[in-house]
Amino acid sequence: MNNGAGRRINGGAEEDDDEDDVNGDLDAWERTYTDERSWESLQEDELGMLRPIDNQALYHSQYRRRLGSLSSTAARIQKGLIRYLYIVIDLSRAASEMDFRPSRIAVIAKHVETFIREFFYQNPLSQVGIVTIKDGVAHCLTDIGGSPESHINALMKKLECSGDSSLQNALDLVDGYLNQIPSYGHREVLILYSALSTCDPGDIMDTIQKCRKSKIRCSVIGLAAEMFICKHLCQETGGTYSVALDESHFKELILEHAPPPPAIAEFAVANLIKMGFPQRAAEGSISICSCHKEAKVGAGYTCPRCKARACELPTECCVCGLTLVSSPHLARSYHHLFPIAPFDEVTSSHLNNPNCKLQRNCFGCQQSLLDPGNKPGPAVVCPKCKRYFCLDCDIYIHESLHNCPGCDSLRHS
Amino acid sequence: MKFQIEDVTVYFPYDHIYPEQYCYMIELKRTLDAKGHCLLEMPTGTGKTIALLSLITSYCLSKPQSPMKLIYCTRTVHEMEKTLAELKILHNYQIKHLGPQARILAIGLSSRKNLCVNPTVVAAENRDSVDAGCRKLTASWVRALASENPDVAMCEFFENYEKAASAAVLPPGVYTLQELRAFGKEKGWCPYFLARHMVQFANVVVYSYQYLLDPKVAGIISKEMQKESVVVFDEAHNIDNVCIEALSVSVRRQTLEGATWNLSRISQEIDRFKATDASILRAEYNRLVEGLALRGNLPITDNWLSNPALPDDILKEAVPGNIRRAEHFLHVLRRLVQYLSGRLDTENVEKESPVGFVASLSSHAGIDQKTLKFCYDRLHSLMLTLEITDTDEFLHIQTICDFATLVGTYGRGFSIIIEPFDERMPHIPDPVLQLSCHDASLAIKPVFDRFQSVLITSGTLSPIDLYPRLLNFHPVVSRSFTMSLTRDCICPMVLTRGSDQLPVSTKFDMRSDPGVVRNYGKLLLEMVSVVPDGIVCFFVSYSYMDGIINTWNDSGILKLVFIETQDVVETTLALDNYRRACDSGRGAVFFSVARGKVAEGIDFDRHYGRLVIMIGVPFQYTLSKILLARLEYLRDTFQIKEGDFLTFDALRQAAQCVGRVIRSKADYGMMIFADKRYSRHDKRSKLPSWILSHLQDANLNLSTDMALHIAREFLKKMAQPYDKTGSSDKKTLLSQEELEKLGDGRMHEMSY
């Protein structure tokens with residue numbers, strides 16, 4: 001059994017010695033129990049046959065439910081496009097547990113990285129900061145800012161876990177930071193919580209009310225089990241609470257927070273925000289970069305107001321504080337405001353109906369909608385153009401394409 | 001929604017109904033039609049109460065000519081309030097649909113402690129002193145005195161109530177205790193006496209078990225109930241114990257001392273009366289010659305005590321000559337007390353049948369059986385005559401008379417056990433003489449005989465065939481329903497081994513083994529690390545809990561630990577803080593004892609109890625003399641094997657404990673039975689079917705680490721959002737249309 005060794009290689013540098021102690025008093029045969037539970041990924045169907053657990057159907061139904069709940073509120077809703085999001089990462093002892101492989105924290109770090117990139121891709125006008133909780137104390141790892149790289153780099157350097165976790169400390173810290181941001185920005189906190197308890201210095205209910213008053217939307221993704229206090233926090237502040245089943249589910253949950261949430265009614269008044277559209281400097285020009293404080297050659301952007309050089313967009317000019325964006329960034333936020341309607345599920349009897357014979361294939365990918373056994377498989381239909389799509393295309397259209405191919409082709413023809 | 005069950009239109013105040021509620025109503029309807037008794041088991045959290053109430057009230061409405069009345073017995077005041085609140089919703093709904101003809105009067109009846117509105121009386125700390133305080137202000141002789149002497153205090157509420165006389169009625173409606181008090185305050189009428197008066201006219205009466213089962217109380221309160229009434233015992237899994245307690249008496253040294261003191265006080269009173277007004281005593285004597293049944297001569301409001309379950313013919317007999325005179329009766333009582341204290345001086349445990357006891361009593365103290373039989377009534381009559389109001393002072397002598405009457409009345413089903421010391425502490429002499437009742441059917445027999453339908457229902461009545469034998473009646477319907485769930489929200493597990501694969505058990509020879517204790521400790525520690533919020537842990541006894549906690553003391557536990565103690569106040573405080581710890585996300589563990597107060601009445605729903613661990617099988621203390629005597633009696637009379645009864649009793653306690661975590665369908669929780677004996681079929685099969693149906697074969701023989709893994713998976717699965725109404729093939733909520741669509745036959749299938 002080389003499980004232990006294999007895992008250590010997998011875990012890489014992020015793991016600390018802590019876990020070796022945890023594993024130390026387990027015998028080799030016990031480790032096989034905790035790690036390899038191949039029988040768990042099987043389930044019995046109604047005929048008593050063993051089948052691998054059908055995760056895809058599960059995920060898809062969950063995805064559809066979320067889609068429904070998002071769009072049910074109103075077809076066209078004002079979205080908070082300028083977001084100030086703090087990601088709170090729990091680095092307590094519980095985060096070093098290994099039910100996610102190689103360890104919870106490694107998984108969290110990996111997906112926070114994707115999330116930050118995706119977040120900036122979808123919300124070019126927003127900013128992110130990272131807060132960590134360790135030994136019952138909350139630390140600000142990175143200040144709020146618009147550069148994905150700097151956050152990711154800072155996070156990867158600090159992944160040691162120890163001590164207890166304190167939700168209250170983290171919320172207090174974040175509340176202090178978010179109170180300073182301008183009123184047009186949407187204040188959000190995303191907490192990635194591994195622990196199952198919180199060790200607080202005071203009454204956390206007060207803190208929750210404080211967050212509620214300062215209109216901070218708190219969402220929590222748990223890694224172990226549902227906790228009452230997290231649920232309560234999310235309910236009070238209008239956030240969402242979810243618990244990850246496994247790694248891919250966790251990824252899905254965290255990416256759900258990337259599209260902008262509906263705007264809070266009080267902020268829904270129209271506001272004008274001053275922005276700069278910097279020019280890209282000529283290749284080969286040398287200038288001192290204002291963000292890294294060093295001379296750099298080549299591609300950079302020049303602030304239209306103070307002429308300082310910035311390396312990346314979007315950002316805030318270090319000198320004059322102007323928000324610097326490019327026009328594609330703005331354009332990219334557009335689709336959030338006009339989402340396409342969720343597709344309806346097709347009942348299986350419908351598909352066998354001779355009248356609908358034409359639509360045996362997915363309109364998107366042209367794959368057959370029938371199962372191998374020629375039974376009708378799951379499919380969805382666009383409420384406008386009545387075209388049928390398979391589940392993969394459904395997700396692709398809603399998540400990435402943001403246009404219905406059926407409706408668009410109708411418009412052209 | 002409203003729907004049809006056979007010929008009855010049922011009005012149900014909610015838009016949706018659970019399938020099992022519908023089945024439950026069908027069974028109930030059949031029982032009512034058959035005018036028989038029934039036993040129904042349905043898990044908690046499935047809306048038993050509302051199903052019951054709405055069917056019975058609808059049944060009454062559909063048959064307006066029959067004077068049917070619902071008597072609903074609950075265990076606690078809290079449950080009483082909850083029932084009345086449900087009834088209120090239902091009543092409003094029925095009025096909305098049927099108009100004023102659906103009006104009913106429903107009241108809750110409780111002790112003076114809960115109903116009194118007189119600020120000076122209700123300030124007293126316990127029930128007995130409130131009762132006595134009330135009597136001091138309202139007894140007829142006090143009021144007679146007060147009419148002459150204005151300085152004597154009276155209760156204005158009672159006076160107003162008396163003045164209003166027959167005008168003092170409650171308008172129809174549903175009254176909770178709170179509302180009854182408010183009504184009383186507003187009108188200036190005493191709510192307690194008003195309620196007692198209105199019980200005769202009410203359509204629905206909600207009160208505690210004692211009012212029907214305890215013969216002393218039942219005689220006064222429940223005398224006037226018509227035969228057509230439907231009696232419901234809710235949460236009735238312990239009904240046999242309630243019956244037994246109602247007829248059991250224990251006498252300690254303190255009781256005897258108190259009784260002696262009481263007797264001398266009574267004799268002083270007699271002397272005083274002799275000196276001032278001997279005619280009263282003479283009048284009493286004459287009355288006693290004519291027989292006890294004529295007690296009615298006394299003002300009806302003063303009927304505060306009554307005879308325990310005496311056959312009617314005794315009431316009509318004349319009181320024996322030797323206790324008709326007050327001072328002679330006192331002599332008899334003195335001799336009795338003397339004799340009892342002589343018996344208490346014994347060095348070893350004695351066990352005797354009532355017949356033997358009476359024989360030796362008559363040879364040693366010269367008191368015969370007939371005299372004994374009348375003790376209770378004679379004392380009652382004497383105290384009325386002597387105008388004694390502070391009845392709480394005289395509890396001791398009442399206990400003695402109670403004892404005497406029971407011994408004199410019943411030859412079978414009882415035994416007298418004298419123990420010189422507590423088994424567990426043999427060095428401290430604490431003699432106690434117990435008259436213990438073994439036959440639960442004695443106390444409940446009048447109820448079954450008298451009323452047309454008696455419904456016994458609870459979340460845990462398994463095995464359901466044992467109850468009719470214990471209570472000695474023949475149900476027309478006995479059924480057990482399972483819960484229809486949208487997801488598997490309960491996860492029972494049987495844990496037989498620790499992670500070192502050694503078996504764990506609280507069997508007597510294993511319980512103190514350090515390996516077992518360590519394994520239990522480890523189980524708890526590891527569970528604490530994967531289960532959020534609250535965990536409840538039940539032990540088999542206080543002594544075992546103390547022992548095991550001491551052993552665990554060295555190992556640190558992540559969460560806060562709260563412990564139930566025998567002290568009520570301390571326990572309440574611990575519970576409060578436990579809840580706070582769960583609310584604030586700190587997480588906590590509550591240690592409690594099976595058969596304790598917490599196991600019986602406190603809910604650990606939602607995050608207050610995500611996991612309950614039952615450590616060991618909560619068997620009764622099998623060396624107890626009383627239990628042994630009862631077992632013997634059960635074997636001889638009802639042919640119930642000792643082992644069967646013990647297992648049944650232990651398992652129903654265990655089920656009761658673990659049932660604390662699920663209080664509604666949206667809730668979820670895990671249950672761990674940590675003892676290797678649970679994996680045996682004879683034990684396991686006695687669990688209620690709603691637990692058994694979720695107990696998978698794979699979870700029958702787990703070790704700690706496997707259980708841990710299952711817990712993790714389960715908690716994650718349960719944290720996912722879910723669809724409340726259930727998917728199409730597994731409906732758990734039925735709307736009116738769906739209900740109409742479903743044929744009777746289909747529903748039938750579903751309930752199995």
# chains A, B, ... in the order shown; residues from 1 in each chain; ligands from 1

call {"tool": "interface_residues", "arguments": {"of": "chain A", "to": "chain B", "cutoff": "6 Å", "atoms": "only C-alpha atoms", "output": "list in words"}}
result
Leu196, Ser197, Thr198, Cys199, Ala225, Glu226, Met227, Phe228, Ile229, Val243 and Leu245 of chain A

call {"tool": "select_by_dssp", "arguments": {"residues": "stretch 149-181 of chain A", "states": "helix (DSSP H, G or I)", "output": "mmCIF file with N, CA and C atoms, in the first residue's frame"}}
result
data_model
loop_
_atom_site.group_PDB
_atom_site.id
_atom_site.type_symbol
_atom_site.label_atom_id
_atom_site.label_comp_id
_atom_site.auth_asym_id
_atom_site.auth_seq_id
_atom_site.Cartn_x
_atom_site.Cartn_y
_atom_site.Cartn_z
ATOM 1 N N GLU A 149 -4.114 38.233 -11.025
ATOM 2 C CA GLU A 149 -2.823 37.593 -10.764
ATOM 3 C C GLU A 149 -2.354 37.832 -9.341
ATOM 4 N N SER A 150 -2.458 39.064 -8.896
ATOM 5 C CA SER A 150 -1.907 39.379 -7.583
ATOM 6 C C SER A 150 -2.657 38.607 -6.497
ATOM 7 N N HIS A 151 -3.960 38.444 -6.658
ATOM 8 C CA HIS A 151 -4.707 37.686 -5.654
ATOM 9 C C HIS A 151 -4.276 36.234 -5.645
ATOM 10 N N ILE A 152 -4.189 35.681 -6.830
ATOM 11 C CA ILE A 152 -3.864 34.262 -6.924
ATOM 12 C C ILE A 152 -2.482 33.986 -6.362
ATOM 13 N N ASN A 153 -1.554 34.857 -6.719
ATOM 14 C CA ASN A 153 -0.196 34.651 -6.220
ATOM 15 C C ASN A 153 -0.147 34.731 -4.705
ATOM 16 N N ALA A 154 -0.827 35.712 -4.171
ATOM 17 C CA ALA A 154 -0.803 35.873 -2.718
ATOM 18 C C ALA A 154 -1.419 34.669 -2.033
ATOM 19 N N LEU A 155 -2.482 34.157 -2.617
ATOM 20 C CA LEU A 155 -3.187 33.034 -1.992
ATOM 21 C C LEU A 155 -2.317 31.782 -1.998
ATOM 22 N N MET A 156 -1.650 31.526 -3.129
ATOM 23 C CA MET A 156 -0.892 30.285 -3.241
ATOM 24 C C MET A 156 0.260 30.237 -2.251
ATOM 25 N N LYS A 157 0.692 31.406 -1.815
ATOM 26 C CA LYS A 157 1.818 31.409 -0.885
ATOM 27 C C LYS A 157 1.385 31.061 0.531
ATOM 28 N N LEU A 167 -16.175 32.795 12.450
ATOM 29 C CA LEU A 167 -16.983 33.484 11.453
ATOM 30 C C LEU A 167 -17.151 34.946 11.820
ATOM 31 N N GLN A 168 -17.306 35.195 13.096
ATOM 32 C CA GLN A 168 -17.565 36.564 13.525
ATOM 33 C C GLN A 168 -16.380 37.474 13.230
ATOM 34 N N ASN A 169 -15.186 37.003 13.546
ATOM 35 C CA ASN A 169 -14.010 37.823 13.285
ATOM 36 C C ASN A 169 -13.917 38.169 11.811
ATOM 37 N N ALA A 170 -14.158 37.176 10.972
ATOM 38 C CA ALA A 170 -14.054 37.416 9.539
ATOM 39 C C ALA A 170 -15.091 38.429 9.086
ATOM 40 N N LEU A 171 -16.306 38.277 9.573
ATOM 41 C CA LEU A 171 -17.364 39.182 9.146
ATOM 42 C C LEU A 171 -17.087 40.600 9.626
ATOM 43 N N ASP A 172 -16.591 40.714 10.845
ATOM 44 C CA ASP A 172 -16.278 42.040 11.372
ATOM 45 C C ASP A 172 -15.231 42.725 10.512
ATOM 46 N N LEU A 173 -14.188 41.962 10.177
ATOM 47 C CA LEU A 173 -13.099 42.524 9.370
ATOM 48 C C LEU A 173 -13.626 42.983 8.014
ATOM 49 N N VAL A 174 -14.376 42.098 7.366
ATOM 50 C CA VAL A 174 -14.872 42.403 6.032
ATOM 51 C C VAL A 174 -15.839 43.582 6.077
ATOM 52 N N ASP A 175 -16.654 43.590 7.104
ATOM 53 C CA ASP A 175 -17.611 44.673 7.263
ATOM 54 C C ASP A 175 -16.879 46.009 7.337
ATOM 55 N N GLY A 176 -15.774 46.020 8.089
ATOM 56 C CA GLY A 176 -14.993 47.251 8.193
ATOM 57 C C GLY A 176 -14.489 47.714 6.840
ATOM 58 N N TYR A 177 -13.995 46.783 6.034
ATOM 59 C CA TYR A 177 -13.452 47.158 4.715
ATOM 60 C C TYR A 177 -14.556 47.605 3.769
ATOM 61 N N LEU A 178 -15.637 46.838 3.753
ATOM 62 C CA LEU A 178 -16.659 47.097 2.745
ATOM 63 C C LEU A 178 -17.461 48.360 3.039
#

call {"tool": "residues_around", "arguments": {"residues": "B:Arg252", "least_positions_apart": "2", "cutoff": "7 Å", "atoms": "only C-alpha atoms", "output": "ChimeraX atom specification"}}
result
/B:250,254-256,431-433

call {"tool": "residues_around", "arguments": {"residues": "stretch 181-190 of chain A", "least_positions_apart": "5", "cutoff": "9 Å", "atoms": "only C-alpha atoms", "output": "number ranges by chain"}}
result
A: 80-89, 126, 171, 174, 214-221, 239, 254, 257, 263-264, 267-273

call {"tool": "write_last_selection", "arguments": {"atoms": "N, CA, C and O atoms", "output": "compact mmCIF listing (two decimals), in the first residue's frame"}}
result
# COMPACT_ATOMS: atom_id res chain seq x y z
N GLY A 80 -26.39 43.81 -10.32
CA GLY A 80 -25.29 44.61 -9.79
C GLY A 80 -24.03 44.29 -10.55
O GLY A 80 -23.42 43.26 -10.34
N LEU A 81 -23.64 45.16 -11.45
CA LEU A 81 -22.48 44.85 -12.29
C LEU A 81 -21.16 45.27 -11.66
O LEU A 81 -20.12 44.75 -11.99
N ILE A 82 -21.24 46.22 -10.75
CA ILE A 82 -20.00 46.66 -10.12
C ILE A 82 -19.97 46.06 -8.73
O ILE A 82 -20.68 46.48 -7.83
N ARG A 83 -19.19 45.03 -8.60
CA ARG A 83 -19.23 44.26 -7.36
C ARG A 83 -17.92 44.40 -6.61
O ARG A 83 -16.85 44.42 -7.20
N TYR A 84 -18.05 44.47 -5.31
CA TYR A 84 -16.87 44.43 -4.45
C TYR A 84 -16.99 43.17 -3.63
O TYR A 84 -17.80 43.09 -2.71
N LEU A 85 -16.21 42.20 -3.97
CA LEU A 85 -16.38 40.88 -3.36
C LEU A 85 -15.17 40.52 -2.51
O LEU A 85 -14.03 40.63 -2.96
N TYR A 86 -15.45 40.12 -1.29
CA TYR A 86 -14.39 39.56 -0.46
C TYR A 86 -14.56 38.04 -0.43
O TYR A 86 -15.65 37.55 -0.13
N ILE A 87 -13.51 37.35 -0.75
CA ILE A 87 -13.54 35.89 -0.61
C ILE A 87 -12.90 35.55 0.73
O ILE A 87 -11.75 35.89 0.97
N VAL A 88 -13.69 34.93 1.60
CA VAL A 88 -13.16 34.54 2.89
C VAL A 88 -12.83 33.05 2.83
O VAL A 88 -13.69 32.23 2.54
N ILE A 89 -11.57 32.74 3.07
CA ILE A 89 -11.16 31.33 3.01
C ILE A 89 -10.83 30.86 4.41
O ILE A 89 -10.04 31.47 5.12
N SER A 126 -15.58 44.77 -11.65
CA SER A 126 -15.66 44.49 -10.21
C SER A 126 -14.28 44.29 -9.61
O SER A 126 -13.28 44.17 -10.32
N LEU A 171 -16.31 38.28 9.57
CA LEU A 171 -17.36 39.18 9.15
C LEU A 171 -17.09 40.60 9.63
O LEU A 171 -17.30 41.57 8.89
N VAL A 174 -14.38 42.10 7.37
CA VAL A 174 -14.87 42.40 6.03
C VAL A 174 -15.84 43.58 6.08
O VAL A 174 -15.80 44.46 5.22
N SER A 214 -25.45 47.04 6.70
CA SER A 214 -24.56 47.67 5.71
C SER A 214 -24.70 47.00 4.35
O SER A 214 -23.86 47.16 3.49
N LYS A 215 -25.79 46.22 4.16
CA LYS A 215 -26.17 45.68 2.86
C LYS A 215 -25.08 44.80 2.26
O LYS A 215 -24.76 44.91 1.09
N ILE A 216 -24.47 44.01 3.09
CA ILE A 216 -23.46 43.09 2.56
C ILE A 216 -24.15 41.75 2.30
O ILE A 216 -24.80 41.21 3.19
N ARG A 217 -24.00 41.28 1.09
CA ARG A 217 -24.62 40.02 0.74
C ARG A 217 -23.63 38.91 1.06
O ARG A 217 -22.57 38.83 0.44
N CYS A 218 -23.96 38.06 2.00
CA CYS A 218 -23.02 37.02 2.41
C CYS A 218 -23.49 35.68 1.87
O CYS A 218 -24.63 35.27 2.10
N SER A 219 -22.61 35.00 1.17
CA SER A 219 -22.91 33.66 0.71
C SER A 219 -21.87 32.71 1.29
O SER A 219 -20.74 33.09 1.50
N VAL A 220 -22.30 31.50 1.54
CA VAL A 220 -21.39 30.53 2.12
C VAL A 220 -21.41 29.25 1.28
O VAL A 220 -22.46 28.81 0.84
N ILE A 221 -20.24 28.72 1.05
CA ILE A 221 -20.15 27.37 0.50
C ILE A 221 -19.49 26.50 1.55
O ILE A 221 -18.36 26.76 1.95
N GLY A 239 -27.96 36.10 0.81
CA GLY A 239 -27.01 35.31 0.04
C GLY A 239 -27.51 33.90 -0.18
O GLY A 239 -28.65 33.57 0.12
N ILE A 254 -19.00 27.15 -6.73
CA ILE A 254 -18.23 28.40 -6.60
C ILE A 254 -18.39 29.23 -7.88
O ILE A 254 -18.50 30.46 -7.82
N HIS A 257 -21.21 31.74 -8.34
CA HIS A 257 -21.13 33.09 -7.79
C HIS A 257 -20.49 34.07 -8.76
O HIS A 257 -20.40 35.25 -8.47
N ALA A 263 -29.59 43.20 -8.39
CA ALA A 263 -29.23 44.37 -7.60
C ALA A 263 -30.17 44.49 -6.41
O ALA A 263 -31.33 44.11 -6.47
N ILE A 264 -29.65 45.00 -5.31
CA ILE A 264 -30.50 45.26 -4.15
C ILE A 264 -31.32 46.52 -4.43
O ILE A 264 -30.83 47.49 -5.01
N PHE A 267 -30.08 50.08 -4.03
CA PHE A 267 -29.00 50.53 -4.90
C PHE A 267 -29.47 50.68 -6.33
O PHE A 267 -28.71 51.06 -7.21
N ALA A 268 -30.73 50.37 -6.56
CA ALA A 268 -31.17 50.26 -7.94
C ALA A 268 -31.32 51.62 -8.63
O ALA A 268 -31.62 51.66 -9.80
N VAL A 269 -31.16 52.69 -7.88
CA VAL A 269 -31.25 53.99 -8.54
C VAL A 269 -30.09 54.15 -9.52
O VAL A 269 -28.98 53.68 -9.27
N ALA A 270 -30.35 54.81 -10.60
CA ALA A 270 -29.32 54.99 -11.62
C ALA A 270 -28.21 55.89 -11.08
O ALA A 270 -28.47 56.85 -10.38
N ASN A 271 -27.01 55.54 -11.39
CA ASN A 271 -25.86 56.28 -10.89
C ASN A 271 -24.87 56.47 -12.02
O ASN A 271 -24.68 55.56 -12.82
N LEU A 272 -24.26 57.62 -12.07
CA LEU A 272 -23.22 57.82 -13.09
C LEU A 272 -21.87 57.60 -12.43
O LEU A 272 -21.60 58.08 -11.34
N ILE A 273 -21.02 56.84 -13.11
CA ILE A 273 -19.71 56.53 -12.56
C ILE A 273 -18.66 56.99 -13.56
O ILE A 273 -18.78 56.74 -14.76

call {"tool": "closest_residue", "arguments": {"among": "B:Pro492, B:Gly659, B:Pro150, B:Pro191", "to": "B:Leu695", "atoms": "only C-alpha atoms"}}
result
B:Pro492

call {"tool": "select_by_dssp", "arguments": {"residues": "stretch 13-222 of chain B", "states": "strand (DSSP E or B)", "output": "ChimeraX atom specification"}}
result
/B:17,37-41,70-74,105-108,173-175,204-208

call {"tool": "residues_around", "arguments": {"residues": "A:Glu236", "least_positions_apart": "2", "cutoff": "9 Å", "atoms": "only C-alpha atoms", "output": "PDB file with N, CA, C and O atoms, in the first residue's frame"}}
result
ATOM      1  N   ILE A 208     -24.168  39.640  12.426  1.00  0.00           N
ATOM      2  CA  ILE A 208     -24.995  39.353  11.251  1.00  0.00           C
ATOM      3  C   ILE A 208     -25.936  40.514  10.983  1.00  0.00           C
ATOM      4  O   ILE A 208     -26.104  40.946   9.838  1.00  0.00           O
ATOM      5  N   GLN A 209     -26.493  41.050  12.047  1.00  0.00           N
ATOM      6  CA  GLN A 209     -27.388  42.200  11.852  1.00  0.00           C
ATOM      7  C   GLN A 209     -26.626  43.400  11.304  1.00  0.00           C
ATOM      8  O   GLN A 209     -27.140  44.164  10.497  1.00  0.00           O
ATOM      9  N   CYS A 211     -24.013  43.294   9.342  1.00  0.00           N
ATOM     10  CA  CYS A 211     -23.801  43.040   7.914  1.00  0.00           C
ATOM     11  C   CYS A 211     -25.075  43.333   7.135  1.00  0.00           C
ATOM     12  O   CYS A 211     -25.030  43.876   6.032  1.00  0.00           O
ATOM     13  N   ARG A 212     -26.163  42.969   7.750  1.00  0.00           N
ATOM     14  CA  ARG A 212     -27.421  43.175   7.072  1.00  0.00           C
ATOM     15  C   ARG A 212     -27.668  44.665   6.880  1.00  0.00           C
ATOM     16  O   ARG A 212     -28.131  45.104   5.832  1.00  0.00           O
ATOM     17  N   ARG A 217     -23.998  41.283   1.091  1.00  0.00           N
ATOM     18  CA  ARG A 217     -24.620  40.016   0.742  1.00  0.00           C
ATOM     19  C   ARG A 217     -23.626  38.907   1.055  1.00  0.00           C
ATOM     20  O   ARG A 217     -22.570  38.828   0.441  1.00  0.00           O
ATOM     21  N   CYS A 218     -23.965  38.059   2.003  1.00  0.00           N
ATOM     22  CA  CYS A 218     -23.022  37.024   2.408  1.00  0.00           C
ATOM     23  C   CYS A 218     -23.487  35.676   1.866  1.00  0.00           C
ATOM     24  O   CYS A 218     -24.630  35.274   2.096  1.00  0.00           O
ATOM     25  N   LYS A 231     -26.513  29.098   7.489  1.00  0.00           N
ATOM     26  CA  LYS A 231     -27.795  29.200   6.819  1.00  0.00           C
ATOM     27  C   LYS A 231     -28.497  30.480   7.247  1.00  0.00           C
ATOM     28  O   LYS A 231     -29.057  31.214   6.422  1.00  0.00           O
ATOM     29  N   HIS A 232     -28.437  30.707   8.525  1.00  0.00           N
ATOM     30  CA  HIS A 232     -29.064  31.899   9.092  1.00  0.00           C
ATOM     31  C   HIS A 232     -28.433  33.162   8.501  1.00  0.00           C
ATOM     32  O   HIS A 232     -29.125  34.084   8.090  1.00  0.00           O
ATOM     33  N   LEU A 233     -27.110  33.174   8.450  1.00  0.00           N
ATOM     34  CA  LEU A 233     -26.389  34.323   7.892  1.00  0.00           C
ATOM     35  C   LEU A 233     -26.831  34.595   6.461  1.00  0.00           C
ATOM     36  O   LEU A 233     -27.112  35.744   6.083  1.00  0.00           O
ATOM     37  N   CYS A 234     -26.900  33.543   5.664  1.00  0.00           N
ATOM     38  CA  CYS A 234     -27.258  33.720   4.260  1.00  0.00           C
ATOM     39  C   CYS A 234     -28.706  34.187   4.127  1.00  0.00           C
ATOM     40  O   CYS A 234     -29.005  35.046   3.308  1.00  0.00           O
ATOM     41  N   GLY A 238     -29.414  37.763   2.444  1.00  0.00           N
ATOM     42  CA  GLY A 238     -29.837  37.587   1.056  1.00  0.00           C
ATOM     43  C   GLY A 238     -28.872  36.802   0.198  1.00  0.00           C
ATOM     44  O   GLY A 238     -28.964  36.834  -1.027  1.00  0.00           O
ATOM     45  N   GLY A 239     -27.961  36.100   0.814  1.00  0.00           N
ATOM     46  CA  GLY A 239     -27.006  35.313   0.041  1.00  0.00           C
ATOM     47  C   GLY A 239     -27.511  33.898  -0.175  1.00  0.00           C
ATOM     48  O   GLY A 239     -28.650  33.573   0.124  1.00  0.00           O
TER      49      GLY A 239
END

call {"tool": "closest_residue", "arguments": {"among": "A:Ser194, A:Thr114, A:Ser165, A:Asn403", "to": "A:Asp99", "atoms": "only C-alpha atoms"}}
result
A:Ser194

call {"tool": "residues_around", "arguments": {"residues": "stretch 340-350 of chain B", "least_positions_apart": "6", "cutoff": "6 Å", "atoms": "only C-alpha atoms", "output": "ChimeraX atom specification"}}
result
/B:417-420,431

call {"tool": "write_last_selection", "arguments": {"atoms": "all heavy atoms", "output": "compact mmCIF listing (two decimals), in the first residue's frame"}}
result
# COMPACT_ATOMS: atom_id res chain seq x y z
N ILE B 417 -43.77 -4.14 48.86
CA ILE B 417 -42.35 -4.42 48.93
C ILE B 417 -41.72 -3.47 49.93
O ILE B 417 -41.92 -2.26 49.85
CB ILE B 417 -41.70 -4.26 47.55
CG1 ILE B 417 -42.22 -5.37 46.62
CG2 ILE B 417 -40.19 -4.33 47.64
CD1 ILE B 417 -41.93 -5.13 45.20
N ILE B 418 -41.02 -4.06 50.87
CA ILE B 418 -40.34 -3.21 51.85
C ILE B 418 -38.84 -3.35 51.65
O ILE B 418 -38.32 -4.46 51.69
CB ILE B 418 -40.72 -3.62 53.29
CG1 ILE B 418 -42.24 -3.62 53.43
CG2 ILE B 418 -40.09 -2.67 54.29
CD1 ILE B 418 -42.70 -4.24 54.71
N GLU B 419 -38.20 -2.25 51.40
CA GLU B 419 -36.75 -2.29 51.22
C GLU B 419 -36.11 -1.45 52.30
O GLU B 419 -36.44 -0.28 52.46
CB GLU B 419 -36.37 -1.72 49.85
CG GLU B 419 -36.67 -2.68 48.71
CD GLU B 419 -36.35 -2.06 47.36
OE1 GLU B 419 -37.08 -1.13 46.96
OE2 GLU B 419 -35.38 -2.49 46.74
N PRO B 420 -35.18 -2.01 53.06
CA PRO B 420 -34.57 -1.24 54.15
C PRO B 420 -33.59 -0.18 53.65
O PRO B 420 -33.30 0.76 54.35
CB PRO B 420 -33.86 -2.31 54.98
CG PRO B 420 -33.64 -3.44 54.05
CD PRO B 420 -34.73 -3.40 53.03
N PRO B 431 -35.43 3.25 54.60
CA PRO B 431 -36.48 2.25 54.40
C PRO B 431 -37.65 2.83 53.63
O PRO B 431 -38.01 3.99 53.82
CB PRO B 431 -36.90 1.88 55.82
CG PRO B 431 -36.52 3.05 56.65
CD PRO B 431 -35.33 3.66 55.99

call {"tool": "residues_around", "arguments": {"residues": "A:Leu324", "least_positions_apart": "4", "cutoff": "8 Å", "atoms": "only C-alpha atoms", "output": "ChimeraX atom specification"}}
result
/A:275-278,303,313-317
